[in-house]
Amino acid sequence: MKQYHPNEIEPKWQAIWEKTQAFEAEDFSEKPKKYIAEMFPYPSGYGLHVGHVRNFTIVDVLARFYRKLGYNVMRPFGYDTFGLPAENYAIKSGLPPQETTITNINHFREQFGRMGMGVDWSREINTSDPEYYRWTQWVFKRLFEKGLAYQADNFQWWCPVDKTVLANEQVENGRCWRCGSEVEKKRMRQWFFKITAYADELLACIDELDWPEKIKTMQKNWIGKSVGAEVEFEVLDQIPAKNKRQTHAKIKVFTTRIDTIFGATFLVLAPEHKLISQLVTKNTTSKVTQYVTNALRKSEVERQENKEKTGVFTGAYAINPMTKAKIPIWVADYVLGNYGEGAIMAVPAHDERDFEFAKKFDLQIIQVVENNDNDKCYHGEGKLINSGEFDGQQSDKAREEITKELIRRKIGKERTTYKMRDWLISRQRYWGAPIPIAYDKTGKAHVISDDKLPVLLPKITDYLPDDSGRSPLAKDEDFMKVVINGEVMTRESDTMDGYACSSWYLLRYCDPKNAKQAWDKRKADYWNPVDFYVGGDHAVAHLLYVRFWCKFFADEGLIDFREPVKKLLYNGYINAPDGKKMSKSKGNVIDPLEIVEQGYGADALRTYEMFIGPYDMDAAWATEGLSGVYRFLNRIWTLTQEYLKAQKSAQNHTKDQMLSKLQHSTVKRVTEDLHRNSFNTAVAALMEMTNGLYKLKVHGFSKDFESAIKTLLVLLSPFAPHLAAELFQQLGCDIDKAKWPKWDEKYLTAEKVTVVVQVNGKLRGKLEVETESLNDEAQLGKLAKSEPSVKKHLTGQKIKKIIILPKNRLVNIVI
RNA sequence: GGACGAGUGGUGAAAUUGGUAUACACGUCAGACUCAAAAUCUGAUGACCGCAAGGUCGUGAGGGUUCAAGUCCCUCCUCGUCCACCA
């Protein structure tokens, strides 16, 4: 008998699939479509790890399942090759990123193929290909023309190791998302995409998304909408040095609690605030300057670590517009420079941070909201006190009234702010899509016209980043000089954030070879939105950016949908056997190819990773679990071999009821489980069917066995496609021609069923009854009462009530 | 500090709508095959009491709703993830 050797059959089928281009998707097919994709990987130099395999297998299982159901499935693949990780890898290995990228892609593609992934290779894309980034630049141009790509001079996050600025989304706990070093603030002129223009829509649409709640909440928090008011505080004139009147300076603040303005006893400015230098007096200048310089030099981590409030008095005072009181103006780093107005009205009686600050520096505290517990610092709602004409009003009502008053006096208005900032996209790095901009002599930015795209990234030898604050491209004179309309201009030397490239690739998959436009609208509208998008990362950054660009494209009339991803499956990680994260540095990474080569094969690896637990939970790798799954596949192999051997002598006896029931119930379970993405229980159902067939075969193989085995193989094929195809072939058939099996409920109802009998909710006995007699409730109750082990519990008791549930096959006798 | 998850056998886990808790797998134990081992096949396996029949307990802790709770409600504990001085 032939043995199960995955390493013999898997390469065979992989070659067949490649040769026949078995997984090509058809644009505008009559069949209903399914667009299924993973978040495309960055092809790292280390190759695939088992975490990738889980991610890719989920996609592959869904794609193969829906193909069998008759859908026109697009399951593309591509590589996210621009960006920091790729460039850093190239620097480390001493080779140009162009070269390492190609090597890595080839390596990835090969490994990917050996996992048996059914991909439409005609749609393969690579973001660092000029034919791709040409369109990334084109998107930039359209954003620029609509005022959604702009330059601003401001304090930015700067990574001193990677020597580039970073977007807010790329700063994690004050550290660079790539190298983990503490980020600094640097004042620089940078390019931004105005994602905040879509803040409201991005927020409003979240509720309708079929995405995990966790991700939706994270996005909501990230956008961080706050509705409140903006008020101006007039700065009191300094005692003029030369008896000259100064112009009245005003300080704007944002607050969500304008109702507490009567309790605002001081103002606090962020160290970044532009007015500080005008406010200081002779006596305070040196102290304030020192504090500000110090605060700005501090890394974000340092600023966060020390939660002890610090600050310094500017020497200036402002007037509280409601109380007319003279209140001091302070500078403190607990106020953030880039949120709201970078300045606050401090209400120590009703805000903990202000309270702490007032305590430390002995500032006035005035209660303006009543609270029963007499808390010194109370931030709830309540009745206003010490608030002049507004006394006695409820705080929420007072917010509206006071805002009206401020509007009437023209010193305030309603204001909504967001935690989300605009997306900083310029990078002072080499390995990215050049920003398609050139500057004329006056420094005005001109966007490069369509016919001059792509702005090719030149091959340069010295691409190491430096501290100049400019990308290494600035050193390439040929690149920097460009003639536009006869005028010599200087190119922008910064490149775009890699996330720009990944914000539209899902559209490019629909029309990957198009040389005339980024995509054909009809194709994009046919395939999108993505039906299943699978990944385990990028909860806010990438998944927010794709939504932003989608809305922009829709506004531009380039597509007809406003949300790019219908269903998001956020898969968990595969951890090391000890539960710790796998990482190169810990040396505990498991190489999937090694697993395959050890003899387990890709099918066992794939099936194991689906069986390991619910797809969205983290799981620890266990080799014992893998061998269990291998054993299961081996049992299917053996069973089929045994059947083939006995085939000729197989009896053509009457339909085996047990066999039909097993077959149909498994079809039902697996189909329903796949529809609800319960991959682990689907595999369990296949195992049960296999075990069931082993029990049944002791009675000898019937002819019906063949259809049962074939059904099992089709159900198995999304998980273990090689084994299924091979055994199908050995049975003399082509699995490609087999449809996903259907089940018939009539086989699921047996002649006899078990009815559970409870007494007071406790299991006391079981009845075997004819299925037909289930409907006779009176009879069922009678039977239940007379069942010997139930009867025992009823003697001498009065029966209060009998609950009979034929559907649940349950009788509960209440005494 | 805030938001969101999650706590079920020795282990990974199942229970889809409130209705037989622990499916499936690992591990362990036993048996078959074998000179022997591995592989394979078969069976047992929540805890406690009992020769057995059977009984008691049992889904992080405590309370509640219900004929019936892993599932719903309240209080608390532990772990995880993300965010975190956002006015």
# chains A, B, ... in the order shown; residues from 1 in each chain; ligands from 1
$ residues_around --residues "Gly498 of chain A" --least-positions-apart "2" --cutoff "6 Å" --atoms "only C-alpha atoms (C1' of nucleotides)" --output "PyMOL selection string"
chain A and resi 82-83+500-501
$ residues_around --residues "U8 of chain B" --least-positions-apart "4" --cutoff "9 Å" --atoms "only C-alpha atoms (C1' of nucleotides)" --output "PyMOL selection string"
chain B and resi 21-22+59+70
$ write_last_selection --atoms "N, CA and C atoms (P, O5', C5', C4', C3', O3' and C1' of nucleotides)" --output "PDB file, in the first residue's frame"
ATOM      1  P     A B  21     -25.907  18.655  31.711  1.00  0.00           P
ATOM      2  O5'   A B  21     -24.637  19.460  31.170  1.00  0.00           O
ATOM      3  C5'   A B  21     -23.491  18.749  30.854  1.00  0.00           C
ATOM      4  C4'   A B  21     -22.676  19.550  29.884  1.00  0.00           C
ATOM      5  C3'   A B  21     -21.330  18.914  29.561  1.00  0.00           C
ATOM      6  O3'   A B  21     -21.489  18.005  28.481  1.00  0.00           O
ATOM      7  C1'   A B  21     -21.012  21.189  30.134  1.00  0.00           C
ATOM      8  P     U B  22     -20.588  16.711  28.361  1.00  0.00           P
ATOM      9  O5'   U B  22     -19.164  17.320  28.054  1.00  0.00           O
ATOM     10  C5'   U B  22     -18.922  18.029  26.817  1.00  0.00           C
ATOM     11  C4'   U B  22     -17.555  18.614  26.876  1.00  0.00           C
ATOM     12  C3'   U B  22     -16.445  17.586  26.945  1.00  0.00           C
ATOM     13  O3'   U B  22     -16.087  17.213  25.630  1.00  0.00           O
ATOM     14  C1'   U B  22     -16.069  19.421  28.452  1.00  0.00           C
ATOM     15  P     U B  59     -18.737  25.949  38.386  1.00  0.00           P
ATOM     16  O5'   U B  59     -17.974  26.040  37.006  1.00  0.00           O
ATOM     17  C5'   U B  59     -16.551  26.080  36.983  1.00  0.00           C
ATOM     18  C4'   U B  59     -16.080  26.600  35.656  1.00  0.00           C
ATOM     19  C3'   U B  59     -16.503  28.037  35.359  1.00  0.00           C
ATOM     20  O3'   U B  59     -15.425  28.685  34.701  1.00  0.00           O
ATOM     21  C1'   U B  59     -17.234  26.619  33.628  1.00  0.00           C
ATOM     22  P     G B  70     -24.308  26.708  33.839  1.00  0.00           P
ATOM     23  O5'   G B  70     -22.954  27.248  33.193  1.00  0.00           O
ATOM     24  C5'   G B  70     -22.098  28.100  33.961  1.00  0.00           C
ATOM     25  C4'   G B  70     -21.182  28.853  33.037  1.00  0.00           C
ATOM     26  C3'   G B  70     -21.855  29.973  32.256  1.00  0.00           C
ATOM     27  O3'   G B  70     -21.873  31.169  32.994  1.00  0.00           O
ATOM     28  C1'   G B  70     -20.565  28.615  30.792  1.00  0.00           C
TER      29        G B  70
END
$ residues_around --residues "Gly228 of chain A" --least-positions-apart "2" --cutoff "7 Å" --atoms "only C-alpha atoms (C1' of nucleotides)" --output "list in words"
Ser226, Thr255, Thr256, Arg257, Glu414, Arg415 and Thr416 of chain A
$ write_last_selection --atoms "N, CA, C and O atoms" --output "PDB file, in the first residue's frame"
ATOM      1  N   SER A 226     -14.004  65.555  20.033  1.00  0.00           N
ATOM      2  CA  SER A 226     -14.534  66.242  21.214  1.00  0.00           C
ATOM      3  C   SER A 226     -15.280  67.483  20.772  1.00  0.00           C
ATOM      4  O   SER A 226     -14.745  68.306  20.046  1.00  0.00           O
ATOM      5  N   THR A 255     -12.126  74.175  25.153  1.00  0.00           N
ATOM      6  CA  THR A 255     -12.582  73.436  26.323  1.00  0.00           C
ATOM      7  C   THR A 255     -13.862  72.678  26.010  1.00  0.00           C
ATOM      8  O   THR A 255     -14.674  73.124  25.197  1.00  0.00           O
ATOM      9  N   THR A 256     -14.013  71.517  26.661  1.00  0.00           N
ATOM     10  CA  THR A 256     -15.283  70.797  26.516  1.00  0.00           C
ATOM     11  C   THR A 256     -16.206  71.169  27.683  1.00  0.00           C
ATOM     12  O   THR A 256     -17.342  70.739  27.727  1.00  0.00           O
ATOM     13  N   ARG A 257     -15.662  71.932  28.624  1.00  0.00           N
ATOM     14  CA  ARG A 257     -16.452  72.284  29.806  1.00  0.00           C
ATOM     15  C   ARG A 257     -16.539  73.786  29.972  1.00  0.00           C
ATOM     16  O   ARG A 257     -16.108  74.348  30.973  1.00  0.00           O
ATOM     17  N   GLU A 414     -18.713  77.638  19.070  1.00  0.00           N
ATOM     18  CA  GLU A 414     -18.697  76.188  19.210  1.00  0.00           C
ATOM     19  C   GLU A 414     -17.508  75.653  18.436  1.00  0.00           C
ATOM     20  O   GLU A 414     -17.139  76.197  17.400  1.00  0.00           O
ATOM     21  N   ARG A 415     -16.934  74.586  18.941  1.00  0.00           N
ATOM     22  CA  ARG A 415     -15.754  74.079  18.258  1.00  0.00           C
ATOM     23  C   ARG A 415     -15.643  72.582  18.495  1.00  0.00           C
ATOM     24  O   ARG A 415     -15.899  72.091  19.593  1.00  0.00           O
ATOM     25  N   THR A 416     -15.300  71.867  17.434  1.00  0.00           N
ATOM     26  CA  THR A 416     -15.074  70.432  17.545  1.00  0.00           C
ATOM     27  C   THR A 416     -13.604  70.178  17.275  1.00  0.00           C
ATOM     28  O   THR A 416     -13.058  70.715  16.310  1.00  0.00           O
TER      29      THR A 416
END
$ closest_atom_pairs --of "chain B" --to "chain A" --cutoff "7 Å" --atoms "only C-alpha atoms (C1' of nucleotides)" --output "Markdown table"
| residue | atom | partner | partner_atom | distance |
| --- | --- | --- | --- | --- |
| B:C4 | C1' | A:Lys214 | CA | 5.6 |
| B:G12 | C1' | A:Ile612 | CA | 6.8 |
| B:A13 | C1' | A:Gly613 | CA | 6.7 |
| B:G19 | C1' | A:Asn808 | CA | 6.5 |
| B:U20 | C1' | A:Val756 | CA | 6.3 |
| B:C24 | C1' | A:Ala684 | CA | 4.6 |
| B:A25 | C1' | A:Gly628 | CA | 6.7 |
| B:C26 | C1' | A:Gly625 | CA | 5.8 |
| B:C67 | C1' | A:Val814 | CA | 6.1 |
| B:A68 | C1' | A:Gly761 | CA | 5.2 |
| B:C85 | C1' | A:Tyr334 | CA | 5.2 |
| B:C86 | C1' | A:Lys419 | CA | 5.9 |
| B:A87 | C1' | A:Thr255 | CA | 5.6 |
$ write_last_selection --atoms "N, CA, C and O atoms (P, O5', C5', C4', C3', O3' and C1' of nucleotides)" --output "mmCIF file, in the first residue's frame"
data_model
loop_
_atom_site.group_PDB
_atom_site.id
_atom_site.type_symbol
_atom_site.label_atom_id
_atom_site.label_comp_id
_atom_site.auth_asym_id
_atom_site.auth_seq_id
_atom_site.Cartn_x
_atom_site.Cartn_y
_atom_site.Cartn_z
ATOM 1 P P C B 4 -15.869 49.641 26.914
ATOM 2 O "O5'" C B 4 -15.171 48.477 26.084
ATOM 3 C "C5'" C B 4 -15.203 48.499 24.658
ATOM 4 C "C4'" C B 4 -14.188 47.529 24.116
ATOM 5 C "C3'" C B 4 -14.359 46.090 24.568
ATOM 6 O "O3'" C B 4 -15.405 45.440 23.880
ATOM 7 C "C1'" C B 4 -12.088 46.679 24.729
ATOM 8 P P G B 12 -4.339 25.529 28.168
ATOM 9 O "O5'" G B 12 -4.503 25.247 26.612
ATOM 10 C "C5'" G B 12 -3.484 25.660 25.709
ATOM 11 C "C4'" G B 12 -3.899 25.358 24.299
ATOM 12 C "C3'" G B 12 -5.247 25.896 23.872
ATOM 13 O "O3'" G B 12 -5.204 27.273 23.565
ATOM 14 C "C1'" G B 12 -5.050 23.663 23.147
ATOM 15 P P A B 13 -6.478 28.170 23.784
ATOM 16 O "O5'" A B 13 -7.507 27.515 22.778
ATOM 17 C "C5'" A B 13 -8.911 27.476 23.030
ATOM 18 C "C4'" A B 13 -9.463 26.282 22.326
ATOM 19 C "C3'" A B 13 -10.980 26.198 22.293
ATOM 20 O "O3'" A B 13 -11.451 26.808 21.111
ATOM 21 C "C1'" A B 13 -10.101 24.186 23.184
ATOM 22 P P G B 19 -29.159 27.377 25.224
ATOM 23 O "O5'" G B 19 -29.719 26.059 25.914
ATOM 24 C "C5'" G B 19 -29.153 25.623 27.145
ATOM 25 C "C4'" G B 19 -29.769 24.296 27.530
ATOM 26 C "C3'" G B 19 -29.885 23.297 26.392
ATOM 27 O "O3'" G B 19 -29.667 22.009 26.926
ATOM 28 C "C1'" G B 19 -32.020 23.720 27.290
ATOM 29 P P U B 20 -28.200 21.366 26.889
ATOM 30 O "O5'" U B 20 -28.542 19.912 27.438
ATOM 31 C "C5'" U B 20 -28.960 19.727 28.790
ATOM 32 C "C4'" U B 20 -28.341 18.462 29.307
ATOM 33 C "C3'" U B 20 -26.812 18.461 29.305
ATOM 34 O "O3'" U B 20 -26.340 17.774 30.455
ATOM 35 C "C1'" U B 20 -27.621 16.664 28.012
ATOM 36 P P C B 24 -15.221 13.496 20.256
ATOM 37 O "O5'" C B 24 -14.233 14.449 19.451
ATOM 38 C "C5'" C B 24 -14.395 14.664 18.060
ATOM 39 C "C4'" C B 24 -13.346 15.640 17.564
ATOM 40 C "C3'" C B 24 -11.917 15.295 17.990
ATOM 41 O "O3'" C B 24 -11.336 14.321 17.143
ATOM 42 C "C1'" C B 24 -12.324 17.567 18.446
ATOM 43 P P A B 25 -10.312 13.278 17.724
ATOM 44 O "O5'" A B 25 -9.063 14.208 18.091
ATOM 45 C "C5'" A B 25 -8.256 14.761 17.066
ATOM 46 C "C4'" A B 25 -7.293 15.753 17.655
ATOM 47 C "C3'" A B 25 -6.310 15.205 18.679
ATOM 48 O "O3'" A B 25 -5.251 14.494 18.073
ATOM 49 C "C1'" A B 25 -7.188 17.255 19.430
ATOM 50 P P C B 26 -4.518 13.361 18.898
ATOM 51 O "O5'" C B 26 -3.642 14.209 19.926
ATOM 52 C "C5'" C B 26 -2.614 15.066 19.462
ATOM 53 C "C4'" C B 26 -2.082 15.877 20.619
ATOM 54 C "C3'" C B 26 -1.464 15.074 21.747
ATOM 55 O "O3'" C B 26 -0.158 14.634 21.437
ATOM 56 C "C1'" C B 26 -2.864 16.751 22.636
ATOM 57 P P C B 67 -39.740 30.286 37.020
ATOM 58 O "O5'" C B 67 -39.081 28.838 36.942
ATOM 59 C "C5'" C B 67 -39.368 27.863 37.935
ATOM 60 C "C4'" C B 67 -38.802 26.532 37.490
ATOM 61 C "C3'" C B 67 -37.346 26.557 37.073
ATOM 62 O "O3'" C B 67 -36.495 26.455 38.191
ATOM 63 C "C1'" C B 67 -38.599 25.392 35.450
ATOM 64 P P A B 68 -35.192 27.316 38.249
ATOM 65 O "O5'" A B 68 -34.365 26.767 37.012
ATOM 66 C "C5'" A B 68 -33.779 25.478 37.089
ATOM 67 C "C4'" A B 68 -33.088 25.142 35.796
ATOM 68 C "C3'" A B 68 -32.039 26.147 35.356
ATOM 69 O "O3'" A B 68 -30.812 25.883 35.982
ATOM 70 C "C1'" A B 68 -33.441 25.601 33.530
ATOM 71 P P C B 85 -0.696 61.305 27.483
ATOM 72 O "O5'" C B 85 -1.597 62.348 28.261
ATOM 73 C "C5'" C B 85 -2.638 61.912 29.102
ATOM 74 C "C4'" C B 85 -3.072 63.058 29.984
ATOM 75 C "C3'" C B 85 -3.353 64.329 29.207
ATOM 76 O "O3'" C B 85 -4.515 64.958 29.737
ATOM 77 C "C1'" C B 85 -1.724 64.717 30.873
ATOM 78 P P C B 86 -5.931 64.384 29.223
ATOM 79 O "O5'" C B 86 -6.063 64.908 27.731
ATOM 80 C "C5'" C B 86 -6.314 66.281 27.473
ATOM 81 C "C4'" C B 86 -6.957 66.425 26.114
ATOM 82 C "C3'" C B 86 -8.075 65.415 25.843
ATOM 83 O "O3'" C B 86 -9.050 66.056 25.066
ATOM 84 C "C1'" C B 86 -6.343 65.148 24.248
ATOM 85 P P A B 87 -10.513 66.019 25.490
ATOM 86 O "O5'" A B 87 -10.600 67.043 26.710
ATOM 87 C "C5'" A B 87 -10.945 68.344 26.500
ATOM 88 C "C4'" A B 87 -10.550 69.146 27.695
ATOM 89 C "C3'" A B 87 -10.635 70.650 27.464
ATOM 90 O "O3'" A B 87 -11.934 71.142 27.697
ATOM 91 C "C1'" A B 87 -8.528 70.131 28.363
#
$ atom_distance --atom1 "atom CA of Ser468 of chain A" --atom2 "atom CA of Leu453 of chain A"
27.4 Å
$ residues_around --residues "C48 of chain B" --least-positions-apart "3" --cutoff "12 Å" --atoms "only C-alpha atoms (C1' of nucleotides)" --output "PDB file with C-alpha atoms (C1' of nucleotides), in the first residue's frame"
ATOM      1  C1'   G B  55     -24.688   9.747  44.137  1.00  0.00           C
ATOM      2  C1'   U B  56     -22.388  14.634  45.336  1.00  0.00           C
ATOM      3  C1'   C B  57     -19.653  18.619  43.416  1.00  0.00           C
ATOM      4  C1'   G B  58     -18.099  21.184  39.042  1.00  0.00           C
TER       5        G B  58
END
$ residues_around --residues "segment 729-732 of chain A" --least-positions-apart "5" --cutoff "10 Å" --atoms "only C-alpha atoms (C1' of nucleotides)" --output "ChimeraX atom specification"
/A:640-641,643-644,647,706,709-710,723-724
$ closest_residue --among "A:Lys648, A:Ile435, A:Asn372, A:Leu544" --to "Ala199 of chain A" --atoms "only C-alpha atoms"
A:Leu544
$ select_by_dssp --residues "segment 421-639 of chain A" --states "strand (DSSP E)" --output "PyMOL selection string"
chain A and resi 423-424+426-427+437-439+445-447+481-484+487-491+495-496+530-535+565-570+574-575+619-620
$ write_last_selection --atoms "C-alpha atoms" --output "CSV table (one decimal), in the first residue's frame"
chain,number,residue,atom,x,y,z
A,423,TRP,CA,-1.0,62.5,8.2
A,424,LEU,CA,2.6,63.5,7.9
A,426,SER,CA,7.3,63.1,4.0
A,427,ARG,CA,10.3,61.0,4.9
A,437,ILE,CA,7.0,68.3,-6.4
A,438,ALA,CA,9.5,70.9,-7.6
A,439,TYR,CA,10.1,74.4,-6.2
A,445,ALA,CA,5.7,74.3,-4.9
A,446,HIS,CA,4.7,73.0,-8.3
A,447,VAL,CA,3.3,69.5,-8.8
A,481,LYS,CA,17.5,69.8,-11.1
A,482,VAL,CA,14.4,69.8,-13.3
A,483,VAL,CA,13.1,72.1,-16.0
A,484,ILE,CA,9.4,72.8,-16.0
A,487,GLU,CA,12.2,77.3,-15.8
A,488,VAL,CA,14.8,75.5,-13.8
A,489,MET,CA,13.4,74.2,-10.6
A,490,THR,CA,14.6,72.1,-7.6
A,491,ARG,CA,12.9,68.9,-6.8
A,495,THR,CA,10.0,60.5,-0.3
A,496,MET,CA,6.6,59.4,0.7
A,530,VAL,CA,-13.2,43.7,-0.5
A,531,ASP,CA,-15.3,41.0,0.9
A,532,PHE,CA,-12.8,39.6,3.3
A,533,TYR,CA,-9.7,41.4,4.3
A,534,VAL,CA,-7.5,39.4,6.6
A,535,GLY,CA,-4.6,40.6,8.8
A,565,VAL,CA,-13.4,46.7,3.2
A,566,LYS,CA,-16.7,45.0,4.0
A,567,LYS,CA,-15.5,42.4,6.4
A,568,LEU,CA,-12.3,42.5,8.3
A,569,LEU,CA,-10.9,39.4,9.9
A,570,TYR,CA,-8.3,40.3,12.4
A,574,ILE,CA,1.1,32.4,16.6
A,575,ASN,CA,3.4,32.5,19.6
A,619,ALA,CA,-2.2,30.7,20.0
A,620,ALA,CA,1.0,29.0,21.1
$ residues_around --residues "Met39 of chain A" --least-positions-apart "3" --cutoff "12 Å" --atoms "only C-alpha atoms (C1' of nucleotides)" --output "JSON, numbers by chain"
{"A": [36, 42, 52, 55, 56, 58, 59, 75, 76, 77, 78, 79, 80, 502, 503, 504, 505, 506, 530, 532, 533, 534, 535, 536, 537, 538, 539, 542, 543, 546, 565, 568, 569, 570, 571]}
$ atom_distance --atom1 "atom CA of Ala604 of chain A" --atom2 "atom CA of Tyr630 of chain A"
5.2 Å
